[in-house]
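Data from protein.cif: mmCIF, C-alpha atoms and all ligand atoms
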data_work
#
loop_
_atom_site.label_atom_id
_atom_site.label_comp_id
_atom_site.auth_asym_id
_atom_site.auth_seq_id
_atom_site.Cartn_x
_atom_site.Cartn_y
_atom_site.Cartn_z
CA MET A 3 88.48 51.52 15.06
CA PHE A 4 88.13 54.68 17.11
CA GLN A 5 87.89 55.03 20.84
CA ASN A 6 84.87 57.19 20.36
CA PRO A 7 81.64 55.25 19.62
CA ILE A 8 80.20 58.08 17.49
CA LEU A 9 83.10 57.91 15.04
CA ASN A 10 82.83 54.14 14.92
CA GLU A 11 79.14 54.43 14.16
CA ILE A 12 79.79 56.75 11.21
CA LEU A 13 82.48 54.35 10.01
CA THR A 14 80.09 51.41 10.19
CA LYS A 15 77.32 53.34 8.39
CA TYR A 16 79.77 54.20 5.65
CA ARG A 17 80.70 50.56 5.17
CA GLU A 18 77.02 49.62 5.09
CA ASN A 19 76.33 52.41 2.60
CA LYS A 20 73.91 54.04 5.03
CA LEU A 21 75.57 57.42 5.52
CA ALA A 22 73.48 60.52 5.96
CA HIS A 23 74.54 63.31 3.61
CA ALA A 24 75.16 65.81 6.39
CA TYR A 25 76.10 65.45 10.04
CA LEU A 26 75.90 68.05 12.75
CA ILE A 27 78.41 67.36 15.48
CA GLU A 28 78.23 69.28 18.71
CA THR A 29 81.49 69.12 20.64
CA ASN A 30 83.26 70.65 23.62
CA ASN A 31 86.56 70.66 21.72
CA LEU A 32 86.38 71.82 18.10
CA ASP A 33 90.08 71.25 17.38
CA LEU A 34 90.09 67.67 18.64
CA ALA A 35 86.83 66.93 16.85
CA LEU A 36 88.30 68.31 13.61
CA GLN A 37 91.40 66.16 14.00
CA ASP A 38 89.27 63.09 14.70
CA LEU A 39 87.13 63.81 11.64
CA LYS A 40 90.22 64.00 9.46
CA GLU A 41 91.32 60.62 10.83
CA LEU A 42 87.85 59.29 10.08
CA ILE A 43 88.03 60.53 6.50
CA LYS A 44 91.42 58.89 6.03
CA ASN A 45 90.03 55.71 7.52
CA LEU A 46 87.04 55.75 5.14
CA ASN A 47 89.12 56.20 2.00
CA CYS A 48 92.68 54.99 2.55
CA PRO A 49 93.51 52.29 0.00
CA HIS A 50 96.29 50.93 2.24
CA ASN A 51 94.31 49.31 5.05
CA PHE A 52 94.39 52.49 7.04
CA THR A 53 96.52 52.83 10.12
CA SER A 54 97.03 56.14 11.88
CA LYS A 55 100.60 56.18 10.58
CA CYS A 56 99.79 55.65 6.90
CA THR A 57 102.14 57.63 4.72
CA GLU A 58 101.80 55.19 1.83
CA CYS A 59 98.93 56.76 0.02
CA ASN A 60 98.25 60.10 -1.61
CA LEU A 61 95.03 60.48 0.33
CA CYS A 62 96.55 60.26 3.82
CA ASN A 63 99.53 62.39 2.82
CA LEU A 64 97.34 65.09 1.29
CA ILE A 65 95.04 65.16 4.31
CA ASN A 66 98.07 65.52 6.60
CA LEU A 67 99.18 68.49 4.50
CA ASN A 68 95.63 69.93 4.50
CA ASN A 69 95.82 69.71 0.75
CA LEU A 70 93.30 67.10 -0.38
CA PRO A 71 91.18 68.78 -3.09
CA SER A 72 88.10 66.77 -2.16
CA LEU A 73 88.25 67.80 1.51
CA LYS A 74 87.38 71.41 2.25
CA ILE A 75 87.46 72.79 5.76
CA ILE A 76 85.68 76.08 6.17
CA GLU A 77 86.20 78.29 9.19
CA PRO A 78 84.71 81.70 9.94
CA ASP A 79 86.33 84.53 7.98
CA GLY A 80 86.14 87.21 10.65
CA ALA A 81 82.94 87.14 12.68
CA ASN A 82 80.99 84.97 10.26
CA ILE A 83 81.20 82.31 7.63
CA LYS A 84 80.65 84.34 4.49
CA LYS A 85 78.50 83.54 1.51
CA ASN A 86 81.45 83.71 -0.90
CA GLN A 87 83.23 80.97 1.10
CA ILE A 88 80.25 78.72 0.38
CA GLU A 89 80.15 79.76 -3.28
CA THR A 90 83.84 78.81 -3.59
CA LEU A 91 83.06 75.46 -2.01
CA LYS A 92 80.36 74.81 -4.59
CA THR A 93 82.75 75.57 -7.43
CA ASP A 94 85.43 73.35 -5.88
CA PHE A 95 82.99 70.48 -5.59
CA SER A 96 81.78 70.62 -9.17
CA SER A 97 84.52 68.14 -10.07
CA ILE A 98 84.65 64.47 -9.20
CA PRO A 99 86.94 63.53 -6.31
CA LEU A 100 90.17 61.81 -7.23
CA TYR A 101 91.33 60.01 -4.10
CA SER A 102 88.15 59.75 -2.06
CA LYS A 103 84.68 58.43 -2.71
CA PHE A 104 83.07 61.71 -1.65
CA ASN A 105 83.74 65.39 -1.86
CA ILE A 106 83.68 66.24 1.82
CA TYR A 107 83.18 69.58 3.51
CA ILE A 108 83.66 70.36 7.17
CA ILE A 109 82.21 73.60 8.46
CA LYS A 110 83.98 74.50 11.69
CA ASN A 111 82.06 76.84 14.03
CA ALA A 112 78.94 76.14 12.02
CA GLU A 113 76.97 78.43 14.34
CA LYS A 114 78.75 81.27 12.53
CA LEU A 115 76.80 80.62 9.34
CA ASN A 116 74.68 83.71 8.89
CA ALA A 117 71.39 83.85 6.99
CA SER A 118 72.95 84.35 3.56
CA SER A 119 75.75 81.81 3.90
CA ALA A 120 73.33 79.27 5.39
CA ASN A 121 71.03 79.91 2.49
CA ALA A 122 73.83 79.24 0.03
CA MET A 123 74.59 76.08 1.98
CA LEU A 124 71.02 74.81 1.66
CA LYS A 125 71.64 73.43 -1.81
CA PHE A 126 73.97 70.88 -0.27
CA VAL A 127 71.76 69.87 2.61
CA GLU A 128 68.31 70.24 1.07
CA GLU A 129 68.76 68.41 -2.20
CA PRO A 130 71.67 66.17 -1.34
CA THR A 131 73.97 65.80 -4.30
CA GLN A 132 75.39 62.36 -4.88
CA GLY A 133 78.97 62.11 -3.76
CA ILE A 134 78.98 65.02 -1.33
CA LEU A 135 79.30 64.45 2.39
CA GLY A 136 79.17 67.22 4.97
CA PHE A 137 80.04 67.76 8.60
CA PHE A 138 78.98 70.80 10.61
CA LEU A 139 81.02 71.23 13.78
CA THR A 140 79.70 73.46 16.51
CA SER A 141 80.24 74.08 20.19
CA ASN A 142 76.56 74.98 20.61
CA LYS A 143 73.91 73.58 18.31
CA ASP A 144 71.19 75.62 20.03
CA VAL A 145 72.43 78.80 18.38
CA MET A 146 72.73 77.22 14.93
CA ILE A 147 70.50 78.29 12.14
CA GLU A 148 67.43 76.06 12.11
CA THR A 149 67.26 75.40 8.35
CA ILE A 150 70.64 73.64 8.48
CA LYS A 151 70.19 71.97 11.84
CA SER A 152 66.89 70.34 10.92
CA ARG A 153 68.41 68.68 7.86
CA CYS A 154 71.37 67.07 9.57
CA GLN A 155 71.80 63.96 11.57
CA THR A 156 73.03 65.17 14.95
CA TYR A 157 75.68 63.72 17.23
CA THR A 158 77.46 64.88 20.37
CA LEU A 159 81.20 64.32 20.52
CA ASN A 160 82.64 65.28 23.88
CA TYR A 161 86.17 65.02 25.18
CA GLU A 162 87.70 65.02 28.60
CA THR A 163 87.55 68.64 29.67
CA GLU A 164 89.90 68.83 32.59
CA SER A 165 92.51 71.37 31.64
CA LEU A 166 96.13 71.19 32.67
CA ASN A 167 95.82 73.96 35.25
CA SER A 168 92.97 72.22 37.01
CA LYS A 169 94.93 68.95 36.96
CA LEU A 170 97.86 70.79 38.55
CA ASN A 171 95.42 72.48 40.92
CA ILE A 172 96.66 76.00 40.18
CA SER A 173 94.89 79.24 39.32
CA ASN A 174 94.56 80.52 35.76
CA GLU A 175 96.74 83.48 36.75
CA LEU A 176 99.60 81.33 38.01
CA TYR A 177 99.29 79.07 34.97
CA ALA A 178 99.59 82.13 32.73
CA GLU A 179 102.75 83.19 34.58
CA TYR A 180 104.28 79.77 34.02
CA LEU A 181 103.39 79.93 30.33
CA LYS A 182 105.17 83.26 30.05
CA ALA A 183 108.37 81.87 31.60
CA ILE A 184 108.54 78.48 29.86
CA PRO A 185 109.37 79.47 26.25
CA LYS A 186 112.12 81.80 27.44
CA TYR A 187 113.54 79.12 29.71
CA LEU A 188 113.59 76.43 27.00
CA GLU A 189 114.99 78.91 24.50
CA ASP A 190 117.83 79.71 26.93
CA ILE A 191 118.57 76.04 27.55
CA TYR A 192 118.91 75.27 23.85
CA SER A 193 120.57 78.42 22.64
CA SER A 194 123.44 79.15 24.99
CA LYS A 195 126.38 77.28 26.42
CA ILE A 196 126.07 78.30 30.05
CA ILE A 197 124.37 75.98 32.50
CA ASN A 198 123.30 78.57 35.01
CA HIS A 199 119.75 79.03 33.70
CA LYS A 200 118.30 77.90 36.97
CA LYS A 201 118.67 81.46 38.26
CA THR A 202 116.40 82.88 35.59
CA LEU A 203 113.73 80.43 36.67
CA LEU A 204 114.39 80.37 40.42
CA ASN A 205 114.45 84.17 40.63
CA ILE A 206 110.85 84.24 39.47
CA PHE A 207 109.70 80.97 41.04
CA PRO A 208 111.72 80.15 44.17
CA GLU A 209 109.27 77.49 45.41
CA ARG A 210 109.93 73.83 44.70
CA GLN A 211 106.27 73.30 43.87
CA ASP A 212 106.42 75.95 41.13
CA ILE A 213 109.40 74.25 39.52
CA GLU A 214 107.63 70.90 39.65
CA ASN A 215 104.53 72.42 38.00
CA ILE A 216 106.67 74.01 35.28
CA LEU A 217 108.40 70.69 34.56
CA LYS A 218 104.98 69.00 34.34
CA ILE A 219 103.82 71.61 31.82
CA ILE A 220 107.01 71.12 29.77
CA LEU A 221 106.31 67.37 29.87
CA ALA A 222 102.76 68.00 28.65
CA ILE A 223 104.07 70.16 25.78
CA TYR A 224 106.45 67.42 24.62
CA TYR A 225 103.72 64.82 25.00
CA ALA A 226 101.37 66.89 22.84
CA TYR A 227 104.02 66.93 20.10
CA PHE A 228 104.47 63.18 20.54
CA LEU A 229 100.73 62.68 19.94
CA LYS A 230 100.80 65.08 17.01
CA LEU A 231 103.64 63.21 15.29
CA ASN A 232 101.79 59.95 15.82
CA GLN A 233 98.73 61.58 14.28
CA LYS A 234 96.67 61.25 17.41
CA PRO A 235 94.41 64.00 18.70
CA TYR A 236 96.53 66.48 20.66
CA ASP A 237 95.98 69.72 22.51
CA GLN A 238 96.97 72.61 20.26
CA ASN A 239 96.97 74.98 23.22
CA LEU A 240 100.04 73.09 24.41
CA THR A 241 101.91 72.94 21.09
CA ASN A 242 101.28 76.67 20.68
CA ILE A 243 103.26 77.41 23.85
CA TYR A 244 106.62 76.44 22.36
CA LEU A 245 107.72 75.28 18.93
CA ILE A 246 109.46 71.90 18.90
CA PRO A 247 110.90 70.45 15.66
CA ASP A 248 109.27 67.27 14.30
CA ASN A 249 111.76 64.69 15.50
CA LEU A 250 110.02 61.75 17.09
CA GLN A 251 113.19 60.16 18.43
CA GLU A 252 114.32 63.34 20.12
CA ILE A 253 110.87 63.98 21.54
CA SER A 254 110.72 60.45 22.96
CA GLN A 255 114.13 60.86 24.60
CA LYS A 256 113.10 64.15 26.14
CA LEU A 257 109.87 62.67 27.48
CA GLN A 258 111.97 60.10 29.35
CA ILE A 259 114.34 62.75 30.67
CA ILE A 260 111.58 65.03 31.92
CA THR A 261 109.68 62.15 33.51
CA LYS A 262 112.80 61.05 35.38
CA ILE A 263 113.54 64.61 36.53
CA ILE A 264 109.99 65.00 37.86
CA THR A 265 110.38 61.74 39.78
CA ASN A 266 113.65 63.09 41.26
CA MET A 267 111.70 66.11 42.53
CA SER A 268 109.98 63.88 45.06
CA TYR A 269 113.32 62.90 46.61
CA ASN A 270 115.09 65.29 48.87
CA VAL A 271 117.54 66.47 46.24
CA SER A 272 118.45 70.14 45.99
CA ILE A 273 116.38 71.94 43.41
CA GLU A 274 119.50 73.57 41.98
CA LEU A 275 121.08 70.17 41.33
CA ILE A 276 117.90 68.93 39.71
CA LEU A 277 117.73 71.92 37.38
CA ASP A 278 121.41 71.56 36.43
CA LYS A 279 120.82 67.92 35.55
CA PHE A 280 117.72 68.87 33.59
CA VAL A 281 119.60 71.41 31.48
CA ILE A 282 122.51 69.08 30.75
CA GLU A 283 120.32 66.15 29.74
CA MET A 284 117.87 68.19 27.69
CA ARG A 285 120.73 69.83 25.84
CA GLY A 286 122.50 66.52 25.33
CA THR A 287 119.63 65.15 23.29
CA HIS A 288 119.05 68.34 21.36
CA GLU A 289 119.64 68.27 17.59
ZN ZN A 301 96.50 55.96 3.61
#

Could you show the structure in this file as structure tokens?
Amino acid sequence: MFQNPILNEILTKYRENKLAHAYLIETNNLDLALQDLKELIKNLNCPHNFTSKCTECNLCNLINLNNLPSLKIIEPDGANIKKNQIETLKTDFSSIPLYSKFNIYIIKNAEKLNASSANAMLKFVEEPTQGILGFFLTSNKDVMIETIKSRCQTYTLNYETESLNSKLNISNELYAEYLKAIPKYLEDIYSSKIINHKKTLLNIFPERQDIENILKIILAIYYAYFLKLNQKPYDQNLTNIYLIPDNLQEISQKLQIITKIITNMSYNVSIELILDKFVIEMRGTHE
């Protein structure tokens, strides 16, 4: 079961054999919606009583690797989705799917279908072919080409929108400055033997509040990786800030360390001591 009622509804329709052949999903977060759709497709087809951690079956493994032949995800090539991308899709889907019941396409940024690519797409949505299921993802269905829109069943799939900088109550500019400093800081912690990295950070951000915000962002980055490794929807904007190796145990340990350090910030402990402790503990659990 999904937390989102829309996904549950599609799941139920599938089980009752009442699926539409094409769905238009308007969403405020295309990346999360795409991840959720992939989970849905695993859930529909997994032969191993699907759980989000299934690594037992070819289907779930291939979807995780973005390599399932019967699942094609199309994104704009440049400014538009091009007609030849749709032609390739048609060729790909001329064979019968191996691990899933349907050949499934997901068109991300479906509003970027232009007249000719939409026209090529019509074959799929106008005379639905048995065994082909489609999802059009868009952030704004009002600008989507009408011929496609009118032939889809439409849903809205919205996610919590509050971004990290509004949660931390800081300006976009300050947030951007933090994001510039964080990768360098983490890189320094993990790459060199000296402990005195606090200066590099404190020289730029002498205020206690800044350091607390930075630690909260680092916590959010590790948490995003934690979600990713557990195959839950995660914020790619966060994982893009800094690359962390896929090691669930290490990530869990670091989440505990960072949480404890942030709690220490609220006591009257010197910021220099806190940062020293942070560096030692983070390094101690580093592979
Ligand atoms: Zn599976």

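What separates atom CA of A:Tyr157 from atom CA of A:Ile8 is a distance of 7.2 Å.
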
Margin query: Please list as a PyMOL selection string every residue within 10 Å of A:Lys201, counting all atoms listed in the file and excluding residues in the same chain fewer than 5 positions away.
Written below: chain A and resi 206-208+274+277

Margin query: Please identify all protein, DNA and RNA residues within 8 Å of ligand ZN 301 (chain A), counting only C-alpha atoms and all ligand atoms, and report them as a list in words.
Written below: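 Protein and nucleic-acid residues within 8 Å of ligand ZN 301 (chain A): Lys44, Asn45, Asn47, Cys48, Pro49, His50, Asn51, Phe52, Thr53, Cys56, Thr57, Glu58, Cys59, Asn60, Leu61, Cys62 and Asn63 of chain A.
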
Edge lengths and centre in Å to one decimal, as AutoDock Vina command-line options, is what I'm after for the box along x, y and z that holds all listed atoms of stretch 49-61 of chain A once 3 Å is added on each side.
--center_x 97.8 --center_y 54.9 --center_z 5.1 --size_x 14.6 --size_y 17.2 --size_z 19.5

Note to self: Need to verify the contact set: stretch 158-173 of chain A, 12 Å, all atoms listed in the file, exclusion of same-chain residues closer than 2 positions in sequence. Can you return it as JSON, numbers by chain?
What the structure shows: {"A": [5, 6, 7, 8, 9, 10, 11, 25, 26, 27, 28, 29, 30, 31, 32, 33, 34, 35, 36, 38, 39, 138, 139, 140, 141, 142, 143, 155, 156, 175, 176, 177, 178, 179, 180, 181, 211, 212, 214, 215, 216, 217, 218, 219, 220, 221, 222, 223, 226, 235, 236, 237, 239, 240]}
